[in-house]
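What's in entry.tsv: TSV, C-alpha atoms and all ligand atoms
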```tsv
chain	number	residue	atom	x	y	z
A	1	MET	CA	0.00	0.00	0.00
A	2	GLU	CA	1.44	3.35	-1.07
A	3	ARG	CA	0.17	6.90	-0.62
A	4	LEU	CA	-0.96	8.33	-3.98
A	5	ASP	CA	1.61	11.15	-3.95
A	6	HIS	CA	4.43	8.68	-3.25
A	7	PHE	CA	3.18	6.47	-6.08
A	8	MET	CA	2.91	9.45	-8.47
A	9	ALA	CA	6.38	10.78	-7.60
A	10	ARG	CA	7.94	7.36	-8.19
A	11	ALA	CA	5.97	6.75	-11.40
A	12	ASN	CA	6.84	10.13	-12.93
A	13	ARG	CA	10.53	9.90	-12.02
A	14	GLU	CA	10.67	6.57	-13.82
A	15	TYR	CA	8.51	7.77	-16.70
A	16	TYR	CA	10.64	10.84	-17.44
A	17	ALA	CA	13.88	8.89	-17.06
A	18	GLN	CA	12.88	6.19	-19.54
A	19	ASN	CA	10.51	7.66	-22.11
A	20	ASP	CA	10.27	10.38	-24.68
A	21	PRO	CA	7.38	12.30	-23.08
A	22	PHE	CA	6.77	14.27	-26.26
A	23	ALA	CA	5.59	11.07	-27.95
A	24	ASP	CA	2.74	11.10	-25.41
A	25	PHE	CA	1.77	14.76	-25.13
A	26	THR	CA	2.41	18.18	-26.68
A	27	THR	CA	3.11	21.42	-24.84
A	28	SER	CA	2.82	25.08	-25.88
A	29	PRO	CA	6.52	25.59	-26.75
A	30	GLU	CA	6.35	22.46	-28.94
A	31	ILE	CA	3.29	23.83	-30.76
A	32	SER	CA	5.02	27.03	-31.88
A	33	GLN	CA	8.24	29.00	-31.52
A	34	MET	CA	6.02	32.04	-30.84
A	35	PHE	CA	5.35	30.81	-27.30
A	36	GLY	CA	9.01	30.83	-26.23
A	37	GLU	CA	9.68	34.03	-28.16
A	38	LEU	CA	6.95	35.94	-26.32
A	39	ILE	CA	8.33	34.62	-23.02
A	40	GLY	CA	11.80	35.81	-24.11
A	41	ALA	CA	10.33	39.30	-24.55
A	42	TRP	CA	8.67	38.96	-21.11
A	43	ILE	CA	12.08	38.11	-19.59
A	44	ALA	CA	13.65	41.18	-21.24
A	45	ALA	CA	10.96	43.49	-19.83
A	46	VAL	CA	11.16	42.02	-16.32
A	47	TRP	CA	14.96	42.35	-16.36
A	48	GLN	CA	14.53	46.06	-17.22
A	49	ASP	CA	12.03	46.44	-14.38
A	50	MET	CA	14.51	44.80	-11.99
A	51	GLY	CA	16.90	47.67	-12.76
A	52	ALA	CA	18.85	45.84	-15.51
A	53	PRO	CA	21.16	43.89	-13.15
A	54	THR	CA	24.53	43.00	-14.67
A	55	ALA	CA	24.16	39.44	-13.39
A	56	PHE	CA	21.03	37.42	-12.62
A	57	ARG	CA	19.90	33.80	-12.54
A	58	LEU	CA	17.62	32.78	-15.39
A	59	ILE	CA	16.03	29.62	-14.02
A	60	GLU	CA	13.71	27.21	-15.79
A	61	ALA	CA	12.00	24.36	-13.96
A	62	GLY	CA	11.14	21.28	-16.02
A	63	PRO	CA	12.47	22.52	-19.38
A	64	GLY	CA	11.42	19.40	-21.36
A	65	ARG	CA	13.28	19.46	-24.69
A	66	GLY	CA	14.67	22.94	-24.00
A	67	THR	CA	12.54	24.40	-26.79
A	68	LEU	CA	10.92	27.20	-24.78
A	69	MET	CA	14.25	28.50	-23.51
A	70	GLN	CA	15.97	28.11	-26.89
A	71	ASP	CA	13.27	30.28	-28.51
A	72	GLY	CA	13.22	32.63	-25.52
A	73	TRP	CA	17.00	33.02	-25.45
A	74	ARG	CA	17.08	33.89	-29.17
A	75	THR	CA	14.53	36.65	-28.60
A	76	LEU	CA	16.24	37.86	-25.43
A	77	SER	CA	19.58	38.10	-27.25
A	78	ARG	CA	17.92	40.11	-30.01
A	79	VAL	CA	15.78	42.53	-27.99
A	80	ALA	CA	18.03	42.92	-24.92
A	81	PRO	CA	21.59	41.69	-25.61
A	82	ALA	CA	22.73	43.13	-22.26
A	83	ALA	CA	20.15	40.94	-20.50
A	84	ALA	CA	21.36	37.84	-22.34
A	85	SER	CA	24.96	38.67	-21.30
A	86	ALA	CA	23.82	39.16	-17.70
A	87	ALA	CA	21.86	35.89	-17.59
A	88	ARG	CA	23.29	32.75	-15.99
A	89	LEU	CA	21.06	29.93	-17.18
A	90	HIS	CA	20.07	27.30	-14.60
A	91	LEU	CA	17.84	24.35	-15.47
A	92	ILE	CA	16.02	22.28	-12.85
A	93	GLU	CA	15.53	18.83	-14.33
A	94	PHE	CA	15.47	15.34	-12.84
A	95	SER	CA	15.56	13.31	-16.06
A	96	PRO	CA	19.05	12.46	-17.37
A	97	ARG	CA	17.74	11.92	-20.88
A	98	LEU	CA	15.94	15.26	-20.97
A	99	ARG	CA	19.07	16.96	-19.56
A	100	ALA	CA	20.95	15.61	-22.58
A	101	GLU	CA	18.30	17.00	-24.97
A	102	GLN	CA	18.41	20.36	-23.20
A	103	ALA	CA	22.23	20.45	-23.40
A	104	ALA	CA	22.05	20.10	-27.18
A	105	ARG	CA	19.94	23.27	-27.41
A	106	LEU	CA	21.27	25.18	-24.40
A	107	PRO	CA	24.99	24.44	-23.99
A	108	GLN	CA	25.36	27.55	-21.81
A	109	ALA	CA	23.20	26.06	-19.01
A	110	THR	CA	24.02	24.37	-15.72
A	111	TRP	CA	21.71	21.71	-14.26
A	112	HIS	CA	20.28	21.17	-10.80
A	113	ASP	CA	17.99	18.63	-9.14
A	114	THR	CA	16.03	21.19	-7.13
A	115	LEU	CA	15.44	24.93	-6.76
A	116	ALA	CA	17.39	24.90	-3.49
A	117	ASP	CA	20.51	23.84	-5.43
A	118	VAL	CA	20.49	26.96	-7.65
A	119	PRO	CA	23.02	29.51	-6.32
A	120	SER	CA	21.58	32.65	-4.73
A	121	GLY	CA	21.00	35.96	-6.48
A	122	PRO	CA	18.21	37.86	-8.21
A	123	ALA	CA	16.32	35.54	-10.52
A	124	ILE	CA	13.82	35.29	-13.33
A	125	VAL	CA	12.12	31.92	-13.14
A	126	ILE	CA	10.04	30.17	-15.81
A	127	ALA	CA	7.96	27.02	-15.30
A	128	ASN	CA	5.63	25.76	-18.03
A	129	GLU	CA	3.74	22.55	-17.29
A	130	PHE	CA	6.01	21.76	-14.35
A	131	LEU	CA	3.59	21.98	-11.41
A	132	ASP	CA	1.05	19.63	-13.05
A	133	ALA	CA	3.62	16.81	-12.89
A	134	LEU	CA	4.15	17.16	-9.13
A	135	PRO	CA	2.55	14.49	-6.96
A	136	ILE	CA	-0.91	14.91	-5.44
A	137	ARG	CA	-2.85	13.35	-2.59
A	138	GLN	CA	-6.55	12.65	-3.01
A	139	PHE	CA	-9.08	12.78	-0.20
A	140	LEU	CA	-12.59	11.42	-0.56
A	141	ARG	CA	-15.48	12.75	1.45
A	142	THR	CA	-17.80	9.87	2.30
A	143	GLY	CA	-21.02	9.80	4.29
A	144	ALA	CA	-18.95	8.41	7.15
A	145	GLY	CA	-16.16	11.00	7.08
A	146	TRP	CA	-12.91	11.59	5.18
A	147	ARG	CA	-10.84	8.89	3.51
A	148	GLU	CA	-7.53	9.09	1.67
A	149	ARG	CA	-6.74	7.17	-1.51
A	150	PHE	CA	-3.79	4.78	-1.51
A	151	VAL	CA	-2.53	2.53	-4.30
A	152	GLU	CA	-2.23	-1.22	-3.90
A	153	ASN	CA	-1.66	-3.73	-6.72
A	154	GLY	CA	-2.74	-1.26	-9.39
A	155	ARG	CA	-5.99	-0.32	-7.63
A	156	PHE	CA	-7.15	2.41	-5.29
A	157	ILE	CA	-7.90	1.50	-1.71
A	158	ILE	CA	-9.13	3.97	0.90
A	159	GLN	CA	-8.06	4.52	4.47
A	160	SER	CA	-9.56	6.83	7.05
A	161	ALA	CA	-7.90	10.27	7.06
A	162	GLU	CA	-7.81	13.64	8.72
A	163	ALA	CA	-10.11	16.15	7.00
A	164	PRO	CA	-8.19	18.19	4.43
A	165	ASN	CA	-8.68	21.90	4.86
A	166	ARG	CA	-11.19	22.11	1.95
A	167	PRO	CA	-14.97	21.97	1.72
A	168	ALA	CA	-16.58	19.14	-0.25
A	169	GLU	CA	-19.90	17.30	-0.48
A	170	PRO	CA	-20.17	13.58	0.22
A	171	GLY	CA	-18.91	11.65	-2.81
A	172	GLU	CA	-16.48	14.39	-3.88
A	173	VAL	CA	-12.70	14.15	-4.18
A	174	VAL	CA	-10.34	16.88	-2.94
A	175	GLU	CA	-6.81	17.03	-4.34
A	176	ILE	CA	-3.88	18.50	-2.45
A	177	CYS	CA	-0.48	18.96	-4.10
A	178	GLU	CA	1.86	19.55	-1.18
A	179	ALA	CA	4.86	19.47	-3.52
A	180	ALA	CA	3.47	22.39	-5.58
A	181	LEU	CA	2.55	24.37	-2.47
A	182	ASP	CA	6.01	23.81	-0.96
A	183	TRP	CA	7.73	24.65	-4.25
A	184	CYS	CA	5.81	27.92	-4.71
A	185	SER	CA	6.39	28.85	-1.10
A	186	GLU	CA	10.15	28.24	-1.40
A	187	LEU	CA	10.25	30.13	-4.70
A	188	ALA	CA	8.32	33.07	-3.26
A	189	GLY	CA	10.60	33.25	-0.22
A	190	ARG	CA	13.65	33.27	-2.47
A	191	LEU	CA	12.29	36.00	-4.77
A	192	GLU	CA	11.16	38.10	-1.83
A	193	SER	CA	14.60	38.04	-0.18
A	194	GLN	CA	16.86	38.01	-3.27
A	195	GLY	CA	14.75	39.79	-5.90
A	196	GLY	CA	13.17	38.83	-9.17
A	197	ALA	CA	10.02	37.32	-10.60
A	198	ALA	CA	8.62	33.96	-11.71
A	199	LEU	CA	6.24	33.14	-14.55
A	200	ILE	CA	4.30	29.94	-13.96
A	201	ILE	CA	2.01	28.61	-16.68
A	202	ASP	CA	-0.04	25.47	-16.39
A	203	TYR	CA	-3.48	24.00	-16.74
A	204	GLY	CA	-5.85	24.10	-13.84
A	205	THR	CA	-8.52	25.98	-11.98
A	206	ALA	CA	-8.52	29.56	-10.68
A	207	GLU	CA	-10.49	28.47	-7.59
A	208	SER	CA	-9.91	25.49	-5.31
A	209	ARG	CA	-12.72	23.11	-6.13
A	210	PRO	CA	-13.40	19.43	-5.63
A	211	GLY	CA	-12.84	16.99	-8.50
A	212	ASP	CA	-10.66	14.09	-9.55
A	213	SER	CA	-8.24	15.46	-12.18
A	214	LEU	CA	-5.54	12.78	-12.05
A	215	GLN	CA	-4.77	11.74	-15.60
A	216	ALA	CA	-2.35	9.54	-17.48
A	217	LEU	CA	-1.58	10.08	-21.15
A	218	ARG	CA	0.02	7.63	-23.52
A	219	GLN	CA	0.42	8.66	-27.16
A	220	GLY	CA	-2.10	11.43	-26.65
A	221	LYS	CA	-4.78	9.12	-25.20
A	222	PRO	CA	-5.94	8.77	-21.61
A	223	THR	CA	-4.96	5.50	-19.96
A	224	ASP	CA	-5.32	3.99	-16.46
A	225	PRO	CA	-3.09	6.11	-14.14
A	226	LEU	CA	-2.42	3.15	-11.85
A	227	ALA	CA	-1.47	0.58	-14.50
A	228	GLY	CA	2.25	0.16	-15.18
A	229	PRO	CA	3.80	2.96	-13.08
A	230	GLY	CA	6.43	4.70	-15.19
A	231	SER	CA	4.76	3.87	-18.51
A	232	ALA	CA	2.61	7.02	-18.76
A	233	ASP	CA	2.88	10.66	-17.73
A	234	LEU	CA	0.76	11.40	-14.64
A	235	THR	CA	-0.58	14.91	-14.15
A	236	ALA	CA	-3.27	16.75	-12.22
A	237	HIS	CA	-4.87	20.17	-12.54
A	238	VAL	CA	-3.02	22.92	-10.72
A	239	ASP	CA	-5.06	24.56	-7.95
A	240	PHE	CA	-3.99	28.14	-8.67
A	241	ALA	CA	-5.82	29.61	-5.69
A	242	ALA	CA	-3.87	27.30	-3.38
A	243	VAL	CA	-0.43	27.89	-4.92
A	244	MET	CA	-1.01	31.66	-5.01
A	245	ALA	CA	-2.00	31.63	-1.35
A	246	ALA	CA	1.17	29.67	-0.53
A	247	ALA	CA	3.31	32.24	-2.38
A	248	ARG	CA	1.56	35.15	-0.64
A	249	ALA	CA	2.00	33.50	2.74
A	250	ALA	CA	5.75	33.36	2.02
A	251	GLY	CA	5.69	37.16	1.64
A	252	ALA	CA	5.82	37.69	-2.12
A	253	ALA	CA	3.45	39.57	-4.43
A	254	VAL	CA	1.34	37.47	-6.79
A	255	TRP	CA	-0.48	38.36	-10.04
A	256	GLY	CA	-3.06	36.40	-12.01
A	257	PRO	CA	-4.31	33.91	-12.80
A	258	MET	CA	-4.45	35.29	-16.34
A	259	PRO	CA	-5.90	32.94	-18.97
A	260	GLN	CA	-3.13	31.88	-21.38
A	261	GLY	CA	-5.01	33.31	-24.38
A	262	ALA	CA	-5.34	36.77	-22.82
A	263	PHE	CA	-1.76	36.64	-21.54
A	264	LEU	CA	-0.30	35.81	-24.97
A	265	ASP	CA	-2.52	38.44	-26.65
A	266	ARG	CA	-1.20	41.06	-24.22
A	267	LEU	CA	2.38	40.02	-24.98
A	268	GLY	CA	1.71	40.57	-28.70
A	269	LEU	CA	0.90	37.14	-30.15
A	270	ALA	CA	-1.01	38.61	-33.12
A	271	ALA	CA	1.82	40.98	-34.05
A	272	ARG	CA	4.44	38.25	-33.74
A	273	MET	CA	2.35	35.94	-35.92
A	274	ALA	CA	1.82	38.63	-38.56
A	275	ARG	CA	5.55	39.33	-38.69
A	276	LEU	CA	6.54	35.68	-39.03
A	277	ALA	CA	3.81	35.11	-41.63
A	278	ALA	CA	4.96	38.10	-43.69
A	279	ALA	CA	8.53	36.78	-43.67
A	280	ASN	CA	7.40	33.17	-44.41
A	281	PRO	CA	4.20	33.33	-46.50
A	282	ASP	CA	4.22	29.56	-47.06
A	283	ARG	CA	3.92	29.08	-43.27
A	284	ALA	CA	1.14	31.64	-42.76
A	285	ALA	CA	-1.66	29.06	-42.43
A	286	SER	CA	0.24	26.88	-39.96
A	287	LEU	CA	1.27	29.92	-37.89
A	288	HIS	CA	-2.37	30.92	-37.76
A	289	ARG	CA	-3.42	27.43	-36.63
A	290	ALA	CA	-0.72	27.39	-33.94
A	291	ALA	CA	-1.71	30.80	-32.57
A	292	HIS	CA	-5.32	29.64	-32.47
A	293	ARG	CA	-4.38	26.46	-30.60
A	294	LEU	CA	-2.37	28.40	-28.01
A	295	SER	CA	-4.94	31.12	-27.39
A	296	ALA	CA	-8.49	30.16	-28.41
A	297	PRO	CA	-10.77	29.61	-25.39
A	298	GLU	CA	-11.83	26.12	-26.52
A	299	GLN	CA	-8.18	25.17	-27.11
A	300	MET	CA	-5.44	26.10	-24.62
A	301	GLY	CA	-6.49	29.71	-24.10
A	302	THR	CA	-8.66	29.33	-20.99
A	303	LEU	CA	-7.80	26.04	-19.27
A	304	PHE	CA	-4.13	27.12	-19.23
A	305	LYS	CA	-3.36	30.06	-16.98
A	306	ALA	CA	-0.38	32.23	-16.09
A	307	ILE	CA	0.58	33.59	-12.69
A	308	CYS	CA	3.51	35.74	-11.67
A	309	ILE	CA	5.20	35.62	-8.26
A	310	ALA	CA	7.52	38.56	-7.58
A	311	GLN	CA	9.31	40.53	-4.93
A	312	THR	CA	6.94	42.91	-3.15
A	313	GLY	CA	7.08	46.38	-4.68
A	314	ALA	CA	8.12	45.21	-8.16
A	315	PRO	CA	6.21	46.96	-10.96
A	316	PRO	CA	3.28	44.98	-12.40
A	317	PRO	CA	4.81	42.38	-14.74
A	318	PRO	CA	4.06	42.50	-18.49
A	319	GLY	CA	0.82	40.76	-19.39
A	320	PHE	CA	-0.64	41.07	-15.89
A	321	ALA	CA	-1.10	44.82	-15.40
A	322	GLU	CA	-4.70	46.13	-15.46
A	401	LIG	N1	8.31	22.78	-19.80
A	401	LIG	C1	8.39	21.78	-20.85
A	401	LIG	C2	8.21	20.34	-20.35
A	401	LIG	C3	7.00	20.02	-19.54
A	401	LIG	S1	6.97	18.31	-19.05
A	401	LIG	C4	7.42	22.11	-21.95
A	401	LIG	O1	6.59	22.97	-21.76
A	401	LIG	O2	7.52	21.48	-23.00
A	401	LIG	C5	7.55	18.38	-17.37
A	401	LIG	C6	9.02	18.67	-17.21
A	401	LIG	O3	9.31	18.73	-15.82
A	401	LIG	C7	9.97	17.62	-17.77
A	401	LIG	O4	11.14	18.26	-18.20
A	401	LIG	C8	10.22	16.74	-16.54
A	401	LIG	O5	11.34	15.92	-16.67
A	401	LIG	C9	10.32	17.79	-15.46
A	401	LIG	N2	10.01	17.36	-14.10
A	401	LIG	C10	8.84	16.81	-13.67
A	401	LIG	N3	8.88	16.59	-12.34
A	401	LIG	C11	10.09	17.02	-11.90
A	401	LIG	C12	10.71	17.08	-10.62
A	401	LIG	N4	10.11	16.62	-9.52
A	401	LIG	N5	11.96	17.60	-10.54
A	401	LIG	C13	12.59	18.07	-11.65
A	401	LIG	N6	12.05	18.05	-12.88
A	401	LIG	C14	10.82	17.52	-13.03
```

Have the structure of the file written as structure tokens, please.
Ligand code: SAH
Amino acid sequence: MERLDHFMARANREYYAQNDPFADFTTSPEISQMFGELIGAWIAAVWQDMGAPTAFRLIEAGPGRGTLMQDGWRTLSRVAPAAASAARLHLIEFSPRLRAEQAARLPQATWHDTLADVPSGPAIVIANEFLDALPIRQFLRTGAGWRERFVENGRFIIQSAEAPNRPAEPGEVVEICEAALDWCSELAGRLESQGGAALIIDYGTAESRPGDSLQALRQGKPTDPLAGPGSADLTAHVDFAAVMAAARAAGAAVWGPMPQGAFLDRLGLAARMARLAAANPDRAASLHRAAHRLSAPEQMGTLFKAICIAQTGAPPPPGFAE
């Protein structure tokens, strides 16, 4: 018998070490270079707002293939060469095979297992679809009180549990991602004391609400999350209200959640698309499709959301200001 979060942590560690995750799912930076480019422009603007430090840590958590940062770095070098010279690139990644892929695109980086391992200093932090891979616990409200889900022989079993600090009706499931709360709290504490800002983008809900969102994807199709640990990517919706509260409790300022579509529009998605399409007319239709996929409400525009955690007193970050 294993607690669900322990099972999920073990399964994902094995999954990312042994598989090509991008055969099973697609992420925004893999859909279009425009995603990383707009984030590169975001990094340039935040660096300016930080007072253009001559050295800072550019940190990405869970960089996947390194595509986002490769596209972002190209833009950063073009729009703010002084920022690119000031940036020390640090990647937080637990998969040796993904580290190797990242090294091919980002030879200037250094790698770390955790945020705590990244040397101190003002930082700009990016995390796209990182929090959704962190392990969750699930609590079930029954007529007879709270139970917690454990995994045994590929099946869920329930054990009596303390009530989680969340309302729910009988029959409902409450998910708690302690790893995401701890990570955002640690990040917020670091930014508050050392300076900087973090952009976190993921799929999830603006409010904490009950529901079972644990999912496993193999080759783009849902499969049983408990079958064959390590054979499929396990994710859950991010509870943005909870992670934002954790960051605020650690003393930092928090903006959002801003729907991904609105966020990318504010960063200039349409203008970037028009420019690329004018330079590459044969790619105009596919650029249009990619922009639609990233930003349309029925695609990734609403379910995916952006938040920013920053040192108190920092100016409103690009894309979040009123
Ligand atoms: N940001 C990328 C990849 C998202 S997939 C993109 O948008 O394409 C999740 C990434 O987080 C992978 O790189 C995975 O190996 C990494 N990851 C997941 N859990 C992790 C953990 N606990 N510690 C470090 N890296 C982790």

With the cut-off set at 10 Å and counting all atoms listed in the file, tabulate each residue of range 49-93 of chain A with an atom at most that distance from an atom of range 104-125 of chain A, showing the nearest atom pair and its distance in Å to one decimal, ordered by chain and increasing number, as JSON lines.
```
{"residue": "A:Met50", "atom": "CA", "partner": "A:Pro122", "partner_atom": "CA", "distance": 8.7}
{"residue": "A:Pro53", "atom": "CA", "partner": "A:Pro122", "partner_atom": "CA", "distance": 8.3}
{"residue": "A:Ala55", "atom": "CA", "partner": "A:Pro122", "partner_atom": "CA", "distance": 8.0}
{"residue": "A:Phe56", "atom": "CA", "partner": "A:Pro122", "partner_atom": "CA", "distance": 5.3}
{"residue": "A:Arg57", "atom": "CA", "partner": "A:Ala123", "partner_atom": "CA", "distance": 4.5}
{"residue": "A:Leu58", "atom": "CA", "partner": "A:Ile124", "partner_atom": "CA", "distance": 5.0}
{"residue": "A:Ile59", "atom": "CA", "partner": "A:Val125", "partner_atom": "CA", "distance": 4.6}
{"residue": "A:Glu60", "atom": "CA", "partner": "A:Val125", "partner_atom": "CA", "distance": 5.6}
{"residue": "A:Ala61", "atom": "CA", "partner": "A:Val125", "partner_atom": "CA", "distance": 7.6}
{"residue": "A:Arg65", "atom": "CA", "partner": "A:Arg105", "partner_atom": "CA", "distance": 8.1}
{"residue": "A:Gly66", "atom": "CA", "partner": "A:Arg105", "partner_atom": "CA", "distance": 6.3}
{"residue": "A:Thr67", "atom": "CA", "partner": "A:Arg105", "partner_atom": "CA", "distance": 7.5}
{"residue": "A:Met69", "atom": "CA", "partner": "A:Leu106", "partner_atom": "CA", "distance": 7.8}
{"residue": "A:Gln70", "atom": "CA", "partner": "A:Arg105", "partner_atom": "CA", "distance": 6.3}
{"residue": "A:Asp71", "atom": "CA", "partner": "A:Arg105", "partner_atom": "CA", "distance": 9.7}
{"residue": "A:Trp73", "atom": "CA", "partner": "A:Leu106", "partner_atom": "CA", "distance": 9.0}
{"residue": "A:Ala87", "atom": "CA", "partner": "A:Ala123", "partner_atom": "CA", "distance": 9.0}
{"residue": "A:Arg88", "atom": "CA", "partner": "A:Ala109", "partner_atom": "CA", "distance": 7.3}
{"residue": "A:Leu89", "atom": "CA", "partner": "A:Ala109", "partner_atom": "CA", "distance": 4.8}
{"residue": "A:His90", "atom": "CA", "partner": "A:Thr110", "partner_atom": "CA", "distance": 5.0}
{"residue": "A:Leu91", "atom": "CA", "partner": "A:Trp111", "partner_atom": "CA", "distance": 4.8}
{"residue": "A:Ile92", "atom": "CA", "partner": "A:His112", "partner_atom": "CA", "distance": 4.9}
{"residue": "A:Glu93", "atom": "CA", "partner": "A:Asp113", "partner_atom": "CA", "distance": 5.7}
```

Proximity to Thr312 in chain A - best of A:Leu287, A:Leu214, A:Ala197, A:Ala262, only C-alpha atoms:
A:Ala197

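All protein, DNA and RNA residues at most 9 Å from (13.0, 31.0, -29.7) are Pro29, Gln33, Met34, Phe35, Gly36, Glu37, Leu38, Ile39, Gly40, Thr67, Leu68, Met69, Gln70, Asp71, Gly72, Trp73, Arg74, Thr75 and Leu76 of chain A, using only C-alpha atoms.
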
In Å, how far is it from CA of Gln311 in chain A to atom O5 of ligand LIG 401 (chain A)?
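These two atoms are separated by 27.3 Å.
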
Need the neighbours of (-4.1, 34.4, -12.6): which residues are at most 7 Å away, counting only C-alpha atoms, as a list in words?
Ala206, Trp255, Gly256, Pro257, Met258, Pro259, Lys305, Ala306 and Ile307 of chain A

Selected residue, from A:Val173, A:Ala249, A:Ala168, A:Ala52, that lies nearest to Phe139 in chain A when counting only C-alpha atoms:
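Smallest distance to Phe139 in chain A is found for A:Val173.
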
Show me which residues are within 8 Å of ligand LIG 401 (chain A) counting all atoms listed in the file, and format the list as JSON, numbers by chain.
{"A": [9, 12, 13, 16, 17, 21, 22, 26, 27, 28, 29, 30, 61, 62, 63, 64, 65, 66, 67, 68, 92, 93, 94, 95, 98, 113, 114, 127, 128, 129, 130, 131, 132, 133, 134]}

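Distances here use all atoms listed in the file; by that measure, the residue among A:Thr142, A:Leu191, A:Ser185, A:Gly220 closest to Ala314 in chain A is A:Leu191.
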
So that I can see what lies close to Ala227 in chain A, please list as a PyMOL selection string the residues with an atom at most 9 Å from it, counting all atoms listed in the file and leaving out residues fewer than 6 positions away in the same chain.
chain A and resi 153-155

Put the listed atoms of range 252-258 of chain A in a box along x, y and z with 5 Å added on every side and give me the centre and edge lengths in Å to one decimal, as lines of an AutoDock Vina configuration file.
```
center_x = 0.7
center_y = 36.7
center_z = -9.2
size_x = 20.3
size_y = 15.7
size_z = 24.2
```

Measure the distance from CA of His237 in chain A to CA of Ala270 in chain A in Å and round it to one decimal.
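These atoms are spaced 27.9 Å apart.
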
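The interatomic distance for the pair CA of Cys308 in chain A and CA of Phe263 in chain A works out to 11.2 Å.
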
Considering all atoms listed in the file, return as a PyMOL selection string whatever protein or nucleic-acid residues lie within 10 Å of Ala23 in chain A, sequence-local ones (same chain, fewer than 6 positions apart) excluded.
chain A and resi 217-220

Kindly indicate which residue among A:Ala100, A:Ile126, A:Ala44, A:Leu264 lies nearest to Phe304 in chain A, using only C-alpha atoms for the distances.
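The shortest atom-to-atom distance to Phe304 in chain A comes from A:Leu264.
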
Given the choices A:Gly261, A:Pro318, A:Gly251, A:Pro210, which gets closest to Ala41 in chain A if the distance is worked out from only C-alpha atoms?
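Among the listed residues, the smallest separation from Ala41 in chain A belongs to A:Pro318.
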
Selected residue of minimal separation from Pro222 in chain A among A:Asp202, A:Asp5, A:Asp24, A:Glu162, counting all atoms listed in the file
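Going through A:Asp202, A:Asp5, A:Asp24, A:Glu162 one by one, the smallest distance to Pro222 in chain A is for A:Asp24.
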
Hey, what's within 8 Å of Pro135 in chain A if we count all atoms listed in the file and toss same-chain stuff fewer than 4 positions away? As a PyMOL selection string, please?
chain A and resi 4-6+8-9+177-179+235
